[in-house]
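K.L.:
Got a structure for you, target04.cif, holding mmCIF, C-alpha atoms.
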data_work
loop_
_atom_site.group_PDB
_atom_site.id
_atom_site.type_symbol
_atom_site.label_atom_id
_atom_site.label_comp_id
_atom_site.auth_asym_id
_atom_site.auth_seq_id
_atom_site.Cartn_x
_atom_site.Cartn_y
_atom_site.Cartn_z
ATOM 1 C CA MET A 1 -1.851 240.353 199.316
ATOM 2 C CA ARG A 2 1.443 242.034 198.461
ATOM 3 C CA GLN A 3 4.302 240.745 200.587
ATOM 4 C CA ASN A 4 6.842 243.360 201.613
ATOM 5 C CA GLY A 5 9.804 242.992 203.924
ATOM 6 C CA ILE A 6 13.309 241.630 203.557
ATOM 7 C CA HIS A 7 14.080 239.456 200.534
ATOM 8 C CA HIS A 8 17.650 238.500 201.456
ATOM 9 C CA ILE A 9 20.738 239.733 203.288
ATOM 10 C CA THR A 10 24.195 239.357 201.752
ATOM 11 C CA ALA A 11 27.393 239.334 203.806
ATOM 12 C CA ILE A 12 31.142 238.809 203.428
ATOM 13 C CA ALA A 13 32.872 235.789 204.954
ATOM 14 C CA GLY A 14 36.257 234.149 205.257
ATOM 15 C CA PRO A 15 36.961 230.513 204.289
ATOM 16 C CA ALA A 16 34.132 228.896 202.325
ATOM 17 C CA GLN A 17 34.124 225.528 204.114
ATOM 18 C CA ARG A 18 34.016 227.154 207.541
ATOM 19 C CA ASN A 19 31.073 229.316 206.443
ATOM 20 C CA LEU A 20 29.261 226.329 204.956
ATOM 21 C CA ASP A 21 29.770 224.220 208.084
ATOM 22 C CA PHE A 22 28.526 226.909 210.445
ATOM 23 C CA TYR A 23 25.337 227.814 208.613
ATOM 24 C CA THR A 24 24.269 224.341 207.492
ATOM 25 C CA ARG A 25 25.462 222.305 210.485
ATOM 26 C CA THR A 26 25.623 224.564 213.532
ATOM 27 C CA LEU A 27 22.528 226.609 212.588
ATOM 28 C CA GLY A 28 20.826 223.971 210.433
ATOM 29 C CA LEU A 29 19.923 226.171 207.472
ATOM 30 C CA ARG A 30 19.538 224.660 204.027
ATOM 31 C CA LEU A 31 22.082 225.477 201.323
ATOM 32 C CA VAL A 32 19.552 226.420 198.654
ATOM 33 C CA LYS A 33 21.998 227.631 196.009
ATOM 34 C CA LYS A 34 25.709 227.165 195.347
ATOM 35 C CA THR A 35 26.811 229.558 192.648
ATOM 36 C CA VAL A 36 29.476 232.236 192.164
ATOM 37 C CA ASN A 37 29.715 235.981 192.528
ATOM 38 C CA PHE A 38 28.558 237.051 189.061
ATOM 39 C CA ASP A 39 30.990 239.997 189.157
ATOM 40 C CA ASP A 40 33.902 237.967 190.615
ATOM 41 C CA PRO A 41 33.394 234.348 189.497
ATOM 42 C CA GLY A 42 36.491 233.105 191.290
ATOM 43 C CA THR A 43 34.454 233.409 194.498
ATOM 44 C CA TYR A 44 31.463 231.367 195.626
ATOM 45 C CA HIS A 45 28.079 232.855 196.371
ATOM 46 C CA PHE A 46 26.265 230.688 198.922
ATOM 47 C CA TYR A 47 22.541 231.120 199.615
ATOM 48 C CA TYR A 48 21.135 229.672 202.850
ATOM 49 C CA GLY A 49 17.442 229.550 203.708
ATOM 50 C CA ASP A 50 14.453 227.342 204.423
ATOM 51 C CA GLU A 51 13.448 224.215 202.530
ATOM 52 C CA ALA A 52 11.890 226.142 199.632
ATOM 53 C CA GLY A 53 14.284 229.104 199.623
ATOM 54 C CA GLN A 54 11.477 231.564 200.316
ATOM 55 C CA PRO A 55 12.148 235.303 200.266
ATOM 56 C CA GLY A 56 12.483 236.377 203.865
ATOM 57 C CA THR A 57 14.627 233.364 204.788
ATOM 58 C CA ILE A 58 17.701 233.887 202.599
ATOM 59 C CA LEU A 59 21.113 234.788 204.039
ATOM 60 C CA THR A 60 23.847 234.820 201.398
ATOM 61 C CA PHE A 61 27.632 235.054 201.533
ATOM 62 C CA PHE A 62 30.614 235.918 199.387
ATOM 63 C CA PRO A 63 33.328 233.802 201.059
ATOM 64 C CA TRP A 64 36.857 234.993 200.318
ATOM 65 C CA GLU A 65 39.510 232.683 201.779
ATOM 66 C CA HIS A 66 41.778 235.526 202.907
ATOM 67 C CA ALA A 67 39.249 238.301 203.519
ATOM 68 C CA ALA A 68 40.430 240.838 206.091
ATOM 69 C CA PRO A 69 38.031 241.428 209.008
ATOM 70 C CA GLY A 70 35.593 244.265 208.554
ATOM 71 C CA ARG A 71 34.647 246.834 211.161
ATOM 72 C CA LEU A 72 31.058 247.374 212.200
ATOM 73 C CA GLY A 73 30.030 251.012 212.055
ATOM 74 C CA VAL A 74 27.497 253.562 210.939
ATOM 75 C CA GLY A 75 26.017 252.824 207.545
ATOM 76 C CA GLU A 76 25.924 249.060 208.034
ATOM 77 C CA THR A 77 23.606 246.269 209.144
ATOM 78 C CA GLN A 78 24.381 245.738 212.814
ATOM 79 C CA GLU A 79 22.601 242.446 213.387
ATOM 80 C CA THR A 80 20.757 239.788 211.370
ATOM 81 C CA VAL A 81 17.977 238.190 213.411
ATOM 82 C CA PHE A 82 16.240 234.829 212.907
ATOM 83 C CA ARG A 83 12.916 233.509 214.226
ATOM 84 C CA VAL A 84 12.688 230.405 216.434
ATOM 85 C CA PRO A 85 9.706 228.984 218.345
ATOM 86 C CA GLU A 86 9.067 230.516 221.754
ATOM 87 C CA GLY A 87 10.202 227.455 223.691
ATOM 88 C CA SER A 88 13.476 227.014 221.792
ATOM 89 C CA ILE A 89 15.778 229.620 223.332
ATOM 90 C CA GLY A 90 16.947 227.149 226.002
ATOM 91 C CA TYR A 91 17.775 224.568 223.328
ATOM 92 C CA TRP A 92 19.728 227.119 221.277
ATOM 93 C CA THR A 93 21.615 228.491 224.290
ATOM 94 C CA HIS A 94 22.766 224.964 225.086
ATOM 95 C CA ARG A 95 23.684 224.296 221.444
ATOM 96 C CA LEU A 96 25.778 227.453 221.148
ATOM 97 C CA VAL A 97 27.639 226.514 224.344
ATOM 98 C CA GLU A 98 28.159 222.972 223.046
ATOM 99 C CA LYS A 99 29.521 224.260 219.713
ATOM 100 C CA GLY A 100 31.741 226.930 221.315
ATOM 101 C CA VAL A 101 29.891 229.793 219.640
ATOM 102 C CA PRO A 102 30.417 233.223 221.297
ATOM 103 C CA HIS A 103 27.064 234.443 222.598
ATOM 104 C CA GLU A 104 25.408 236.734 225.114
ATOM 105 C CA VAL A 105 22.890 235.877 227.800
ATOM 106 C CA PRO A 106 19.287 236.080 226.576
ATOM 107 C CA GLN A 107 17.796 239.552 226.950
ATOM 108 C CA LYS A 108 14.516 241.332 226.283
ATOM 109 C CA ARG A 109 13.960 243.714 223.356
ATOM 110 C CA PHE A 110 10.528 245.101 222.594
ATOM 111 C CA GLY A 111 9.187 242.455 224.995
ATOM 112 C CA GLU A 112 10.762 239.564 223.044
ATOM 113 C CA THR A 113 13.479 237.179 224.250
ATOM 114 C CA VAL A 114 16.634 237.613 222.138
ATOM 115 C CA LEU A 115 19.748 235.416 222.082
ATOM 116 C CA ALA A 116 22.634 237.264 220.394
ATOM 117 C CA PHE A 117 25.760 235.508 219.083
ATOM 118 C CA LYS A 118 28.472 235.719 216.420
ATOM 119 C CA ASP A 119 29.504 233.530 213.502
ATOM 120 C CA PRO A 120 33.151 232.468 212.953
ATOM 121 C CA ASP A 121 33.915 235.758 211.164
ATOM 122 C CA GLY A 122 32.392 237.849 213.941
ATOM 123 C CA MET A 123 29.164 238.660 212.102
ATOM 124 C CA ARG A 124 26.459 239.641 214.583
ATOM 125 C CA LEU A 125 23.435 237.338 214.610
ATOM 126 C CA ALA A 126 20.525 236.719 216.962
ATOM 127 C CA LEU A 127 17.589 234.395 217.543
ATOM 128 C CA VAL A 128 14.226 235.757 218.700
ATOM 129 C CA ALA A 129 11.614 233.618 220.425
ATOM 130 C CA VAL A 130 8.327 234.067 218.530
ATOM 131 C CA PRO A 131 5.076 232.602 219.921
ATOM 132 C CA GLY A 132 2.748 230.627 217.685
ATOM 133 C CA ILE A 133 5.209 229.532 214.983
ATOM 134 C CA GLU A 134 5.721 225.960 216.224
ATOM 135 C CA ASN A 135 3.592 224.527 213.416
ATOM 136 C CA GLU A 136 5.231 226.470 210.586
ATOM 137 C CA PRO A 137 7.178 224.241 208.156
ATOM 138 C CA ALA A 138 10.789 223.804 209.232
ATOM 139 C CA TRP A 139 13.870 222.496 207.428
ATOM 140 C CA SER A 140 15.683 219.864 209.470
ATOM 141 C CA THR A 141 18.503 217.486 208.599
ATOM 142 C CA GLY A 142 17.927 215.558 211.807
ATOM 143 C CA GLU A 143 20.726 217.014 213.937
ATOM 144 C CA ILE A 144 18.524 219.941 214.975
ATOM 145 C CA PRO A 145 14.990 218.783 215.846
ATOM 146 C CA ALA A 146 12.333 220.344 213.604
ATOM 147 C CA GLU A 147 10.537 221.800 216.618
ATOM 148 C CA HIS A 148 13.590 223.980 217.359
ATOM 149 C CA ALA A 149 14.664 224.776 213.786
ATOM 150 C CA ILE A 150 15.110 228.339 212.523
ATOM 151 C CA ARG A 151 12.091 229.690 210.639
ATOM 152 C CA GLY A 152 13.389 232.509 208.480
ATOM 153 C CA PHE A 153 14.234 236.101 209.315
ATOM 154 C CA HIS A 154 12.691 237.999 212.158
ATOM 155 C CA SER A 155 14.409 241.311 211.468
ATOM 156 C CA ALA A 156 17.566 243.241 210.731
ATOM 157 C CA SER A 157 18.936 246.117 212.775
ATOM 158 C CA LEU A 158 20.683 248.926 210.886
ATOM 159 C CA LEU A 159 23.180 251.434 212.295
ATOM 160 C CA VAL A 160 22.311 254.869 210.910
ATOM 161 C CA PRO A 161 23.298 258.461 211.787
ATOM 162 C CA GLU A 162 19.621 259.314 212.342
ATOM 163 C CA ALA A 163 16.495 257.249 211.919
ATOM 164 C CA ALA A 164 14.150 259.633 210.100
ATOM 165 C CA PRO A 165 15.747 259.729 206.590
ATOM 166 C CA THR A 166 16.129 255.933 206.399
ATOM 167 C CA GLY A 167 12.691 255.519 207.960
ATOM 168 C CA ALA A 168 11.217 257.627 205.158
ATOM 169 C CA ILE A 169 12.517 255.114 202.589
ATOM 170 C CA LEU A 170 11.165 252.175 204.595
ATOM 171 C CA THR A 171 7.709 253.704 204.909
ATOM 172 C CA ASP A 172 7.213 255.446 201.569
ATOM 173 C CA VAL A 173 8.960 252.980 199.252
ATOM 174 C CA PHE A 174 8.838 249.600 201.007
ATOM 175 C CA GLY A 175 5.526 249.825 202.839
ATOM 176 C CA PHE A 176 6.765 249.659 206.452
ATOM 177 C CA SER A 177 5.244 251.590 209.366
ATOM 178 C CA GLU A 178 6.899 252.743 212.586
ATOM 179 C CA ILE A 179 5.431 250.644 215.403
ATOM 180 C CA ALA A 180 7.638 251.176 218.490
ATOM 181 C CA ARG A 181 10.641 252.898 220.057
ATOM 182 C CA GLU A 182 12.990 251.604 222.727
ATOM 183 C CA ALA A 183 16.088 253.572 223.804
ATOM 184 C CA SER A 184 18.001 254.345 220.558
ATOM 185 C CA LEU A 185 16.013 251.788 218.526
ATOM 186 C CA VAL A 186 13.121 252.643 216.216
ATOM 187 C CA ARG A 187 11.144 249.601 215.010
ATOM 188 C CA TYR A 188 9.420 249.438 211.616
ATOM 189 C CA LYS A 189 7.107 246.653 210.439
ATOM 190 C CA ALA A 190 5.843 245.697 206.986
ATOM 191 C CA GLY A 191 2.133 245.094 207.516
ATOM 192 C CA ASP A 192 1.317 241.467 208.321
ATOM 193 C CA THR A 193 4.521 240.108 206.779
ATOM 194 C CA THR A 194 5.878 237.387 209.064
ATOM 195 C CA LEU A 195 9.173 236.531 207.345
ATOM 196 C CA GLY A 196 11.645 239.395 207.460
ATOM 197 C CA GLY A 197 8.906 241.880 208.213
ATOM 198 C CA ILE A 198 10.785 243.984 210.784
ATOM 199 C CA VAL A 199 13.624 246.504 210.501
ATOM 200 C CA ASP A 200 15.108 248.195 213.564
ATOM 201 C CA LEU A 201 16.996 251.452 213.078
ATOM 202 C CA ARG A 202 19.613 252.223 215.732
ATOM 203 C CA GLU A 203 20.647 255.863 215.808
ATOM 204 C CA ALA A 204 24.422 256.029 216.226
ATOM 205 C CA GLY A 205 25.470 259.376 214.789
ATOM 206 C CA GLY A 206 28.724 259.596 216.756
ATOM 207 C CA PHE A 207 30.043 256.175 215.772
ATOM 208 C CA LEU A 208 32.762 255.517 213.179
ATOM 209 C CA ARG A 209 31.697 254.551 209.671
ATOM 210 C CA GLY A 210 31.793 250.846 208.960
ATOM 211 C CA ARG A 211 34.587 249.192 207.003
ATOM 212 C CA PRO A 212 33.668 246.309 204.652
ATOM 213 C CA GLY A 213 35.297 242.955 205.267
ATOM 214 C CA ALA A 214 34.702 239.494 206.672
ATOM 215 C CA GLY A 215 31.914 239.504 209.246
ATOM 216 C CA THR A 216 30.077 242.496 207.781
ATOM 217 C CA VAL A 217 26.910 242.760 205.710
ATOM 218 C CA HIS A 218 27.415 243.861 202.104
ATOM 219 C CA HIS A 219 23.788 244.775 201.374
ATOM 220 C CA ILE A 220 20.208 244.168 202.417
ATOM 221 C CA ALA A 221 17.556 243.395 199.796
ATOM 222 C CA PHE A 222 13.856 244.214 200.039
ATOM 223 C CA ARG A 223 11.069 242.373 198.250
ATOM 224 C CA ALA A 224 9.231 243.376 195.120
ATOM 225 C CA THR A 225 6.606 240.911 193.947
ATOM 226 C CA ASP A 226 7.521 241.398 190.291
ATOM 227 C CA ASP A 227 9.022 243.840 187.790
ATOM 228 C CA ALA A 228 6.003 246.151 187.907
ATOM 229 C CA VAL A 229 6.243 246.589 191.678
ATOM 230 C CA GLN A 230 9.994 247.076 191.440
ATOM 231 C CA THR A 231 9.510 249.771 188.787
ATOM 232 C CA GLU A 232 6.973 251.505 191.035
ATOM 233 C CA MET A 233 9.512 251.528 193.891
ATOM 234 C CA VAL A 234 12.254 252.884 191.638
ATOM 235 C CA LYS A 235 9.922 255.680 190.533
ATOM 236 C CA LYS A 236 9.100 256.604 194.139
ATOM 237 C CA LEU A 237 12.788 256.727 195.039
ATOM 238 C CA ALA A 238 13.486 259.147 192.200
ATOM 239 C CA GLU A 239 10.413 261.342 192.480
ATOM 240 C CA ASN A 240 9.982 261.491 196.262
ATOM 241 C CA HIS A 241 13.562 261.138 197.507
ATOM 242 C CA GLY A 242 15.868 262.158 194.670
ATOM 243 C CA ILE A 243 17.572 258.754 194.698
ATOM 244 C CA ARG A 244 18.495 256.944 191.496
ATOM 245 C CA THR A 245 19.037 253.193 191.346
ATOM 246 C CA THR A 246 21.298 251.125 189.135
ATOM 247 C CA GLU A 247 19.862 249.550 186.013
ATOM 248 C CA GLN A 248 18.106 246.238 186.588
ATOM 249 C CA LYS A 249 20.513 243.303 186.884
ATOM 250 C CA ASP A 250 19.457 239.718 186.191
ATOM 251 C CA ARG A 251 20.688 237.536 189.064
ATOM 252 C CA ASP A 252 19.026 234.385 187.617
ATOM 253 C CA TYR A 253 16.919 233.793 190.759
ATOM 254 C CA PHE A 254 15.625 237.377 191.002
ATOM 255 C CA ARG A 255 16.075 240.683 189.214
ATOM 256 C CA ALA A 256 17.725 243.439 191.211
ATOM 257 C CA VAL A 257 18.353 247.156 191.381
ATOM 258 C CA TYR A 258 20.664 248.814 193.925
ATOM 259 C CA PHE A 259 20.989 252.199 195.628
ATOM 260 C CA ARG A 260 22.540 253.930 198.647
ATOM 261 C CA GLU A 261 19.948 255.008 201.187
ATOM 262 C CA PRO A 262 20.422 258.234 203.193
ATOM 263 C CA GLY A 263 22.206 256.494 206.092
ATOM 264 C CA GLY A 264 24.846 255.052 203.775
ATOM 265 C CA LEU A 265 23.687 251.429 203.564
ATOM 266 C CA LEU A 266 23.550 249.639 200.231
ATOM 267 C CA PHE A 267 19.929 248.639 199.610
ATOM 268 C CA GLU A 268 18.652 246.313 196.893
ATOM 269 C CA ILE A 269 15.159 245.750 195.522
ATOM 270 C CA ALA A 270 14.826 242.101 194.463
ATOM 271 C CA THR A 271 11.888 240.447 192.716
ATOM 272 C CA ASP A 272 10.276 237.358 194.228
ATOM 273 C CA ASP A 273 10.308 235.609 190.865
ATOM 274 C CA PRO A 274 11.575 233.358 189.381
ATOM 275 C CA GLY A 275 12.948 231.835 192.621
ATOM 276 C CA PHE A 276 15.649 229.276 193.372
ATOM 277 C CA ALA A 277 14.039 226.226 191.749
ATOM 278 C CA VAL A 278 14.325 227.768 188.273
ATOM 279 C CA ASP A 279 17.486 225.803 187.359
ATOM 280 C CA GLU A 280 17.371 222.685 189.563
ATOM 281 C CA PRO A 281 14.662 220.588 191.241
ATOM 282 C CA ALA A 282 13.465 221.790 194.637
ATOM 283 C CA ALA A 283 14.460 218.456 196.159
ATOM 284 C CA SER A 284 18.128 218.914 195.194
ATOM 285 C CA LEU A 285 18.605 222.636 195.760
ATOM 286 C CA GLY A 286 22.177 223.610 196.539
ATOM 287 C CA GLN A 287 23.812 220.334 195.550
ATOM 288 C CA ALA A 288 25.360 221.298 192.195
ATOM 289 C CA LEU A 289 27.418 224.352 191.267
ATOM 290 C CA LYS A 290 25.102 226.525 189.186
ATOM 291 C CA LEU A 291 26.496 229.170 186.840
ATOM 292 C CA PRO A 292 24.735 231.913 184.902
ATOM 293 C CA ARG A 293 24.570 231.295 181.156
ATOM 294 C CA PHE A 294 27.263 233.866 180.365
ATOM 295 C CA LEU A 295 29.760 232.057 182.631
ATOM 296 C CA GLU A 296 28.908 228.483 181.615
ATOM 297 C CA PRO A 297 31.582 228.392 178.834
ATOM 298 C CA ASN A 298 34.191 229.062 181.550
ATOM 299 C CA ARG A 299 32.987 226.357 183.935
ATOM 300 C CA ALA A 300 36.218 224.328 183.886
ATOM 301 C CA LYS A 301 38.368 227.382 184.664
ATOM 302 C CA ILE A 302 35.990 228.559 187.395
ATOM 303 C CA GLU A 303 35.822 225.148 189.065
ATOM 304 C CA ALA A 304 39.622 224.951 188.982
ATOM 305 C CA VAL A 305 40.052 228.100 191.090
ATOM 306 C CA LEU A 306 37.160 227.696 193.531
ATOM 307 C CA PRO A 307 38.039 226.127 196.902
ATOM 308 C CA LYS A 308 36.901 222.532 197.323
ATOM 309 C CA VAL A 309 33.934 222.257 199.687
ATOM 310 C CA ALA A 310 31.959 219.303 200.978
#
Mind turning the file's structure into structure tokens?
P.N.:
Amino acid sequence: MRQNGIHHITAIAGPAQRNLDFYTRTLGLRLVKKTVNFDDPGTYHFYYGDEAGQPGTILTFFPWEHAAPGRLGVGETQETVFRVPEGSIGYWTHRLVEKGVPHEVPQKRFGETVLAFKDPDGMRLALVAVPGIENEPAWSTGEIPAEHAIRGFHSASLLVPEAAPTGAILTDVFGFSEIAREASLVRYKAGDTTLGGIVDLREAGGFLRGRPGAGTVHHIAFRATDDAVQTEMVKKLAENHGIRTTEQKDRDYFRAVYFREPGGLLFEIATDDPGFAVDEPAASLGQALKLPRFLEPNRAKIEAVLPKVA
């Protein structure tokens, strides 16, 4: 069965060590890849996810030490939402209090319990209690019990001027269907996809446009099983929506094309293959600094300018 849904979400952060500590220690995600921004190799590119680095679990960051704060607005991802077992919201509320993480009281959305909070750069995150996922595999370093660990993406909410044009891309190109509406939110789901299978569109036509910076999402990537499926999506964008993508870019762990959707967000189509274990064993993902072949001759210079992280 073809898996649709979110492949990864990429955001901008401030200091690298602070970002690393929050996502691996406070939230307990696995650092599945430590590389650099291929277009700006003086900056890290961190990939966080589950034990195997599955599509639908990957949150990535470009951490710039002195990045100015961004401003959330129309044409941006408003909130990145993770799945946790149904009985874990109490545990996570207590943990966020213990760690001094700004958060809201749990609330209901579409009948689900949601705990919203922010990372150290102000990026909006949330945990959703999902029934029946207690027995799914979970990455745990021991500090966070496996029974409470995060299990990939639940959804992303996008701030758009109006839902219909963006919804047309989600349905026609990415295989989502509208399943519910609640206030200004329109919910789309990608078939039976469990990881990253939901996108909520929040209509906010009167809001200011977003401003990129620390705490904001740079782009959201959707899954294509392989090159053939990606090519099919690119063709639909051009023929049905008049949207042209970039040429395909090899990101070592997936192959990507990019485009601006009608609401102004930067969308990516990323292939599932070859995955994050292509250049290091699955057991040691994220431990070594990995560079693309074209940057390997400059390793010494790159390592000299990157901040030291532990």
K.L.:
List the residues selected by the PyMOL selection byres ((chain A and resi 95) around 12) in the file shown, writing them as a VMD selection string.
P.N.:
chain A and resid 25 to 28 88 to 94 96 to 103 115 117 143 to 145 148 to 149
K.L.:
Write the residues of the selection above to a file with C-alpha atoms, as a PDB file, keeping the file's coordinate frame.
P.N.:
ATOM      1  CA  ARG A  25      25.462 222.305 210.485  1.00  0.00           C
ATOM      2  CA  THR A  26      25.623 224.564 213.532  1.00  0.00           C
ATOM      3  CA  LEU A  27      22.528 226.609 212.588  1.00  0.00           C
ATOM      4  CA  GLY A  28      20.826 223.971 210.433  1.00  0.00           C
ATOM      5  CA  SER A  88      13.476 227.014 221.792  1.00  0.00           C
ATOM      6  CA  ILE A  89      15.778 229.620 223.332  1.00  0.00           C
ATOM      7  CA  GLY A  90      16.947 227.149 226.002  1.00  0.00           C
ATOM      8  CA  TYR A  91      17.775 224.568 223.328  1.00  0.00           C
ATOM      9  CA  TRP A  92      19.728 227.119 221.277  1.00  0.00           C
ATOM     10  CA  THR A  93      21.615 228.491 224.290  1.00  0.00           C
ATOM     11  CA  HIS A  94      22.766 224.964 225.086  1.00  0.00           C
ATOM     12  CA  LEU A  96      25.778 227.453 221.148  1.00  0.00           C
ATOM     13  CA  VAL A  97      27.639 226.514 224.344  1.00  0.00           C
ATOM     14  CA  GLU A  98      28.159 222.972 223.046  1.00  0.00           C
ATOM     15  CA  LYS A  99      29.521 224.260 219.713  1.00  0.00           C
ATOM     16  CA  GLY A 100      31.741 226.930 221.315  1.00  0.00           C
ATOM     17  CA  VAL A 101      29.891 229.793 219.640  1.00  0.00           C
ATOM     18  CA  PRO A 102      30.417 233.223 221.297  1.00  0.00           C
ATOM     19  CA  HIS A 103      27.064 234.443 222.598  1.00  0.00           C
ATOM     20  CA  LEU A 115      19.748 235.416 222.082  1.00  0.00           C
ATOM     21  CA  PHE A 117      25.760 235.508 219.083  1.00  0.00           C
ATOM     22  CA  GLU A 143      20.726 217.014 213.937  1.00  0.00           C
ATOM     23  CA  ILE A 144      18.524 219.941 214.975  1.00  0.00           C
ATOM     24  CA  PRO A 145      14.990 218.783 215.846  1.00  0.00           C
ATOM     25  CA  HIS A 148      13.590 223.980 217.359  1.00  0.00           C
ATOM     26  CA  ALA A 149      14.664 224.776 213.786  1.00  0.00           C
TER      27      ALA A 149
END
K.L.:
Which of these residues is nearest to A:Ser155, using all atoms listed in the file: A:Thr113, A:Thr57, A:Gln248, A:Asn240?
P.N.:
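Checking each of A:Thr113, A:Thr57, A:Gln248, A:Asn240 against A:Ser155, counting all atoms listed in the file, the winner is A:Thr57.
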K.L.:
Restricting the calculation to only C-alpha atoms: of A:Ala183, A:His154, A:Ala164, A:Asn135, which residue gets closest to A:Glu112?
P.N.:
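Looking only at the distances to A:Glu112, the closest residue turns out to be A:His154.
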K.L.:
Report the residues retrieved by the PyMOL selection byres ((chain A and resi 295) around 12) from the displayed file, expressed as a PyMOL selection string.
P.N.:
chain A and resi 35-42+289-294+296-303
K.L.:
Compare A:Leu59, A:Ile243, A:Val229, A:Val130 by their minimum atom-to-atom distance to A:Gly175, counting only C-alpha atoms, and give me the closest one.
P.N.:
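That would be A:Val229, the residue with the smallest distance to A:Gly175.
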K.L.:
Any chance you could build stretch 62-76 of chain A out to N, CA, C and O atoms and write it as a PDB file, in the coordinates of the input?
P.N.:
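Listed below is the output, out33.pdb:
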ATOM      1  N   PHE A  62      29.442 235.975 200.252  1.00  0.00           N
ATOM      2  CA  PHE A  62      30.614 235.918 199.387  1.00  0.00           C
ATOM      3  C   PHE A  62      31.775 235.490 200.284  1.00  0.00           C
ATOM      4  O   PHE A  62      32.275 236.300 201.068  1.00  0.00           O
ATOM      5  N   PRO A  63      32.211 234.227 200.208  1.00  0.00           N
ATOM      6  CA  PRO A  63      33.328 233.802 201.059  1.00  0.00           C
ATOM      7  C   PRO A  63      34.674 233.949 200.333  1.00  0.00           C
ATOM      8  O   PRO A  63      34.917 233.283 199.331  1.00  0.00           O
ATOM      9  N   TRP A  64      35.493 234.841 200.828  1.00  0.00           N
ATOM     10  CA  TRP A  64      36.857 234.993 200.318  1.00  0.00           C
ATOM     11  C   TRP A  64      37.803 234.364 201.335  1.00  0.00           C
ATOM     12  O   TRP A  64      37.791 234.726 202.522  1.00  0.00           O
ATOM     13  N   GLU A  65      38.648 233.447 200.874  1.00  0.00           N
ATOM     14  CA  GLU A  65      39.510 232.683 201.779  1.00  0.00           C
ATOM     15  C   GLU A  65      40.352 233.567 202.683  1.00  0.00           C
ATOM     16  O   GLU A  65      40.585 233.266 203.845  1.00  0.00           O
ATOM     17  N   HIS A  66      40.854 234.689 202.140  1.00  0.00           N
ATOM     18  CA  HIS A  66      41.778 235.526 202.907  1.00  0.00           C
ATOM     19  C   HIS A  66      41.199 236.917 203.157  1.00  0.00           C
ATOM     20  O   HIS A  66      41.949 237.897 203.254  1.00  0.00           O
ATOM     21  N   ALA A  67      39.885 237.003 203.287  1.00  0.00           N
ATOM     22  CA  ALA A  67      39.249 238.301 203.519  1.00  0.00           C
ATOM     23  C   ALA A  67      39.698 238.885 204.859  1.00  0.00           C
ATOM     24  O   ALA A  67      39.705 238.198 205.888  1.00  0.00           O
ATOM     25  N   ALA A  68      40.082 240.148 204.848  1.00  0.00           N
ATOM     26  CA  ALA A  68      40.430 240.838 206.091  1.00  0.00           C
ATOM     27  C   ALA A  68      39.153 241.120 206.877  1.00  0.00           C
ATOM     28  O   ALA A  68      38.091 241.346 206.282  1.00  0.00           O
ATOM     29  N   PRO A  69      39.233 241.132 208.210  1.00  0.00           N
ATOM     30  CA  PRO A  69      38.031 241.428 209.008  1.00  0.00           C
ATOM     31  C   PRO A  69      37.510 242.830 208.738  1.00  0.00           C
ATOM     32  O   PRO A  69      38.295 243.771 208.546  1.00  0.00           O
ATOM     33  N   GLY A  70      36.200 242.953 208.691  1.00  0.00           N
ATOM     34  CA  GLY A  70      35.593 244.265 208.554  1.00  0.00           C
ATOM     35  C   GLY A  70      35.432 244.920 209.915  1.00  0.00           C
ATOM     36  O   GLY A  70      35.772 244.338 210.954  1.00  0.00           O
ATOM     37  N   ARG A  71      34.918 246.129 209.906  1.00  0.00           N
ATOM     38  CA  ARG A  71      34.647 246.834 211.161  1.00  0.00           C
ATOM     39  C   ARG A  71      33.205 247.334 211.133  1.00  0.00           C
ATOM     40  O   ARG A  71      32.811 248.063 210.224  1.00  0.00           O
ATOM     41  N   LEU A  72      32.441 246.922 212.117  1.00  0.00           N
ATOM     42  CA  LEU A  72      31.058 247.374 212.200  1.00  0.00           C
ATOM     43  C   LEU A  72      31.030 248.865 212.496  1.00  0.00           C
ATOM     44  O   LEU A  72      31.795 249.360 213.322  1.00  0.00           O
ATOM     45  N   GLY A  73      30.156 249.585 211.814  1.00  0.00           N
ATOM     46  CA  GLY A  73      30.030 251.012 212.055  1.00  0.00           C
ATOM     47  C   GLY A  73      28.778 251.581 211.419  1.00  0.00           C
ATOM     48  O   GLY A  73      27.946 250.851 210.869  1.00  0.00           O
ATOM     49  N   VAL A  74      28.659 252.879 211.496  1.00  0.00           N
ATOM     50  CA  VAL A  74      27.497 253.562 210.939  1.00  0.00           C
ATOM     51  C   VAL A  74      27.423 253.309 209.433  1.00  0.00           C
ATOM     52  O   VAL A  74      28.439 253.283 208.734  1.00  0.00           O
ATOM     53  N   GLY A  75      26.210 253.106 208.959  1.00  0.00           N
ATOM     54  CA  GLY A  75      26.017 252.824 207.545  1.00  0.00           C
ATOM     55  C   GLY A  75      26.092 251.348 207.222  1.00  0.00           C
ATOM     56  O   GLY A  75      26.322 250.967 206.074  1.00  0.00           O
ATOM     57  N   GLU A  76      25.878 250.507 208.244  1.00  0.00           N
ATOM     58  CA  GLU A  76      25.924 249.060 208.034  1.00  0.00           C
ATOM     59  C   GLU A  76      24.777 248.377 208.780  1.00  0.00           C
ATOM     60  O   GLU A  76      24.186 248.950 209.704  1.00  0.00           O
TER      61      GLU A  76
END
